[in-house]
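S.K.: The structure file structure35.txt (compact mmCIF, C-alpha atoms and all ligand atoms) is provided below.
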# COMPACT_ATOMS: atom_id res chain seq x y z
CA MET A 1 -10.93 11.66 -30.19
CA LYS A 2 -13.86 13.92 -31.07
CA ASN A 3 -17.32 13.91 -29.57
CA SER A 4 -19.24 10.94 -30.88
CA ARG A 5 -22.91 10.11 -31.28
CA PRO A 6 -24.13 7.81 -28.53
CA SER A 7 -24.25 4.06 -29.14
CA GLU A 8 -26.99 2.20 -27.36
CA ILE A 9 -27.31 -1.43 -26.37
CA VAL A 10 -29.56 -3.42 -24.02
CA THR A 11 -27.84 -6.26 -22.18
CA CYS A 12 -29.76 -9.16 -20.63
CA SER A 13 -27.20 -10.51 -18.13
CA PRO A 14 -24.18 -9.39 -16.11
CA GLY A 15 -22.00 -11.48 -18.44
CA GLU A 16 -23.25 -9.56 -21.43
CA THR A 17 -22.56 -6.23 -19.71
CA ARG A 18 -19.06 -7.45 -18.87
CA ARG A 19 -18.54 -8.35 -22.53
CA VAL A 20 -19.56 -4.84 -23.63
CA GLY A 21 -17.10 -3.58 -21.02
CA ARG A 22 -14.31 -5.66 -22.53
CA GLY A 23 -14.92 -3.98 -25.89
CA ILE A 24 -14.70 -0.54 -24.29
CA GLY A 25 -11.56 -1.62 -22.43
CA ARG A 26 -9.88 -2.73 -25.67
CA MET A 27 -10.78 0.61 -27.21
CA MET A 28 -9.33 2.46 -24.19
CA ALA A 29 -6.28 0.25 -23.71
CA GLY A 30 -4.01 3.20 -24.54
CA GLY A 31 -5.31 5.05 -21.48
CA GLY A 32 -7.98 7.60 -20.68
CA VAL A 33 -11.01 8.09 -18.49
CA VAL A 34 -14.30 6.19 -18.56
CA GLY A 35 -17.14 7.83 -16.57
CA LEU A 36 -19.96 5.54 -15.42
CA THR A 37 -23.38 6.93 -14.51
CA GLY A 38 -26.30 4.87 -13.20
CA ASP A 39 -28.28 4.02 -10.06
CA LEU A 40 -27.18 1.61 -7.37
CA GLY A 41 -27.26 -1.87 -8.90
CA ALA A 42 -27.18 -0.60 -12.49
CA GLY A 43 -24.00 -2.58 -13.15
CA LYS A 44 -21.22 0.01 -12.90
CA THR A 45 -18.89 -2.34 -11.02
CA VAL A 46 -19.79 -5.18 -13.40
CA ILE A 47 -18.94 -3.17 -16.50
CA ALA A 48 -15.79 -1.78 -14.82
CA SER A 49 -14.49 -5.33 -14.37
CA GLY A 50 -15.03 -5.96 -18.10
CA ILE A 51 -13.32 -2.69 -19.03
CA PHE A 52 -10.21 -3.53 -16.99
CA ARG A 53 -10.05 -7.06 -18.44
CA GLY A 54 -10.39 -5.70 -21.97
CA ALA A 55 -7.52 -3.32 -21.25
CA GLY A 56 -5.33 -6.23 -20.15
CA LEU A 57 -5.91 -6.83 -16.45
CA PRO A 58 -5.13 -10.53 -15.82
CA GLU A 59 -8.08 -12.77 -14.84
CA GLY A 60 -6.33 -13.57 -11.57
CA VAL A 61 -6.66 -10.01 -10.26
CA ALA A 62 -10.06 -9.44 -8.66
CA VAL A 63 -11.97 -6.24 -9.40
CA THR A 64 -13.89 -5.14 -6.32
CA SER A 65 -16.01 -2.09 -5.65
CA PRO A 66 -13.98 0.88 -4.41
CA SER A 67 -16.95 2.45 -2.62
CA PHE A 68 -15.06 2.39 0.69
CA THR A 69 -11.50 2.71 -0.56
CA ILE A 70 -12.53 5.47 -3.08
CA ILE A 71 -9.60 4.56 -5.37
CA ASN A 72 -8.39 1.03 -6.19
CA MET A 73 -5.18 0.71 -8.16
CA TYR A 74 -4.35 -2.30 -10.28
CA PRO A 75 -0.69 -2.42 -11.22
CA GLY A 76 0.46 -3.36 -14.69
CA ARG A 77 2.30 -2.03 -17.71
CA ARG A 78 -0.14 0.86 -17.57
CA PRO A 79 -1.64 1.58 -14.16
CA MET A 80 -5.40 1.16 -13.89
CA TYR A 81 -7.45 3.11 -11.39
CA HIS A 82 -10.98 2.23 -10.30
CA VAL A 83 -12.71 5.15 -8.58
CA ASP A 84 -16.07 5.37 -6.81
CA LEU A 85 -17.39 8.81 -5.87
CA TYR A 86 -20.49 7.45 -4.10
CA ARG A 87 -19.35 8.13 -0.54
CA LEU A 88 -17.83 11.54 -1.18
CA SER A 89 -19.95 14.56 -0.36
CA SER A 90 -18.15 17.35 -2.20
CA ALA A 91 -15.81 18.08 -5.07
CA VAL A 92 -13.29 19.26 -2.45
CA GLU A 93 -13.35 15.81 -0.84
CA ALA A 94 -12.77 14.27 -4.24
CA LEU A 95 -9.83 16.61 -4.83
CA GLU A 96 -8.41 15.72 -1.41
CA ALA A 97 -8.69 12.05 -2.25
CA GLY A 98 -6.50 12.73 -5.30
CA VAL A 99 -9.12 11.96 -7.92
CA ALA A 100 -8.42 14.87 -10.26
CA GLU A 101 -4.70 14.03 -10.35
CA LEU A 102 -5.62 10.78 -12.06
CA TRP A 103 -6.91 12.71 -15.09
CA GLU A 104 -3.42 13.81 -16.00
CA GLY A 105 -2.73 10.33 -17.32
CA GLY A 106 0.95 11.08 -17.93
CA ASP A 107 1.62 7.41 -17.25
CA GLY A 108 -0.90 6.26 -19.88
CA SER A 109 -3.24 5.19 -17.12
CA LEU A 110 -6.79 3.96 -17.55
CA VAL A 111 -9.24 5.44 -15.05
CA VAL A 112 -12.79 4.11 -14.58
CA VAL A 113 -15.06 6.22 -12.36
CA GLU A 114 -18.36 5.13 -10.80
CA TRP A 115 -20.87 7.92 -9.98
CA PHE A 116 -18.97 10.05 -12.45
CA GLU A 117 -21.79 12.63 -12.75
CA LYS A 118 -21.61 13.62 -9.09
CA PHE A 119 -19.05 16.41 -9.32
CA PRO A 120 -19.15 18.08 -12.74
CA GLU A 121 -16.63 20.65 -11.41
CA ILE A 122 -13.82 18.10 -11.53
CA ARG A 123 -14.55 16.49 -14.89
CA PRO A 124 -11.53 15.56 -17.01
CA PRO A 125 -11.05 17.33 -20.35
CA GLY A 126 -12.03 14.25 -22.36
CA TYR A 127 -13.73 11.00 -21.38
CA MET A 128 -15.83 8.07 -22.53
CA ALA A 129 -19.23 8.47 -20.89
CA VAL A 130 -21.30 5.36 -20.16
CA THR A 131 -24.83 5.66 -18.78
CA MET A 132 -26.65 2.60 -17.45
CA ASP A 133 -30.40 2.32 -16.88
CA ILE A 134 -32.16 -0.53 -15.13
CA VAL A 135 -34.95 -1.56 -17.51
CA GLY A 136 -35.74 -4.99 -16.03
CA GLN A 137 -34.44 -7.41 -13.44
CA ASN A 138 -31.63 -8.51 -15.75
CA GLU A 139 -31.87 -5.90 -18.46
CA ARG A 140 -29.71 -2.81 -18.54
CA LYS A 141 -29.77 -0.13 -21.21
CA LEU A 142 -26.27 1.17 -21.86
CA LYS A 143 -25.34 4.29 -23.80
CA PHE A 144 -21.82 5.35 -24.51
CA TYR A 145 -20.26 8.28 -26.26
CA TYR A 146 -16.99 10.19 -26.18
CA GLU A 147 -17.13 13.73 -24.89
CA GLY A 148 -14.52 16.47 -24.81
CA GLU A 149 -11.07 16.84 -26.31
P1 LIG B 201 -23.37 -0.70 -9.30
O1 LIG B 201 -21.87 -0.74 -9.24
O2 LIG B 201 -23.91 0.10 -10.46
O3 LIG B 201 -24.01 -0.30 -8.01
P2 LIG B 201 -23.08 -3.56 -9.51
O4 LIG B 201 -22.28 -3.74 -10.74
O5 LIG B 201 -22.38 -3.68 -8.19
O6 LIG B 201 -23.88 -2.17 -9.59
O7 LIG B 201 -24.28 -4.59 -9.46
C1 LIG B 201 -25.14 -4.84 -10.53
C2 LIG B 201 -26.08 -5.95 -10.09
O8 LIG B 201 -27.08 -6.17 -11.09
C3 LIG B 201 -25.36 -7.26 -9.89
O9 LIG B 201 -25.94 -7.93 -8.82
C4 LIG B 201 -25.62 -7.99 -11.21
O10 LIG B 201 -25.61 -9.39 -11.05
C5 LIG B 201 -27.04 -7.52 -11.52
N1 LIG B 201 -27.38 -7.54 -12.94
C6 LIG B 201 -28.48 -8.13 -13.46
N2 LIG B 201 -28.56 -7.97 -14.78
C7 LIG B 201 -27.47 -7.25 -15.15
C8 LIG B 201 -27.00 -6.78 -16.40
N3 LIG B 201 -27.66 -6.95 -17.56
N4 LIG B 201 -25.84 -6.07 -16.39
C9 LIG B 201 -25.17 -5.85 -15.24
N5 LIG B 201 -25.58 -6.27 -14.03
C10 LIG B 201 -26.72 -6.98 -13.97
MG MG B 202 -20.45 -0.13 -7.86
In structure tokens, write the structure found in this file.
M.R.:
Amino acid sequence: MKNSRPSEIVTCSPGETRRVGRGIGRMMAGGGVVGLTGDLGAGKTVIASGIFRGAGLPEGVAVTSPSFTIINMYPGRRPMYHVDLYRLSSAVEALEAGVAELWEGGDGSLVVVEWFEKFPEIRPPGYMAVTMDIVGQNERKLKFYYEGE
């Protein structure tokens, strides 16, 4: 995939954000990295749940925030990893947690990362970037574009 121009959409409910996520998840079902950027409460965990569903995670498997676990793994035909960098204070800590190893994607894995912008030093070679802005109580402005290889 080549760099792409950003697409922009404003959602008016968590359900709508989840639906956008499902579309991204279908697009990324073959594996890759999705990097989510946005303030606390922007909807990163909400869109992550949509992305995993769109990529085939069964409804019965709950998607919960990995802010304490750092990495959640959902098993399946292709492994799915849900990462949250919020509580890490350095790129070294992220490396120690094994985050950068997930980029290798040899197993066709799908990796979704919250607070993706925190450690630019450990960015993967190619990723789908999603930025989320809070523009109202229930409105979120989403932008997404592919960056890198
Ligand atoms: P983050 O992971 O970015 O900190 P969460 O996904 O945990 O944020 O929480 C987003 C919060 O915002 C939830 O309480 C959700 O119900 C609320 N919300 C309101 N409107 C939207 C919207 N349009 N899209 C996503 N979340 C929304
Ligand atoms: Mg979150």
S.K.: A:Gly50, A:Gly60, A:Pro14, A:Gly30: which is nearest Gly108 in chain A, counting all atoms listed in the file?
M.R.: A:Gly30
S.K.: For ligand MG 202 (chain B), collect every residue having any atom at a distance of at most 12 Å from a ligand atom (counting only C-alpha atoms and all ligand atoms); output as a ChimeraX atom specification.
M.R.: /A:36-49,63-70,82-87,112-116,132
S.K.: Return the single residue from A:Met80, A:Gln137, A:Val99, A:Tyr146 that is closest to ligand LIG 201 (chain B), with distances computed using only C-alpha atoms and all ligand atoms.
M.R.: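 Using only C-alpha atoms and all ligand atoms, the shortest distance to ligand LIG 201 (chain B) belongs to A:Gln137.
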S.K.: Find the residues near Asn138 in chain A: any atom within 8 Å, counting all atoms listed in the file, skip ones fewer than 5 places away on the same chain, and give them as number ranges by chain.
M.R.: A: 11-14
S.K.: Go through A:Pro75, A:Gly105, A:Pro120, A:Gly35 and flag the residue nearest ligand LIG 201 (chain B), using all atoms listed in the file for the distances.
M.R.: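 Of the candidates, the smallest distance to ligand LIG 201 (chain B) is held by A:Gly35.
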S.K.: Would you mind telling me which residue in A:Asp133, A:Glu121, A:Asp107, A:Glu147 lies nearest to ligand LIG 201 (chain B) when using all atoms listed in the file?
M.R.: A:Asp133
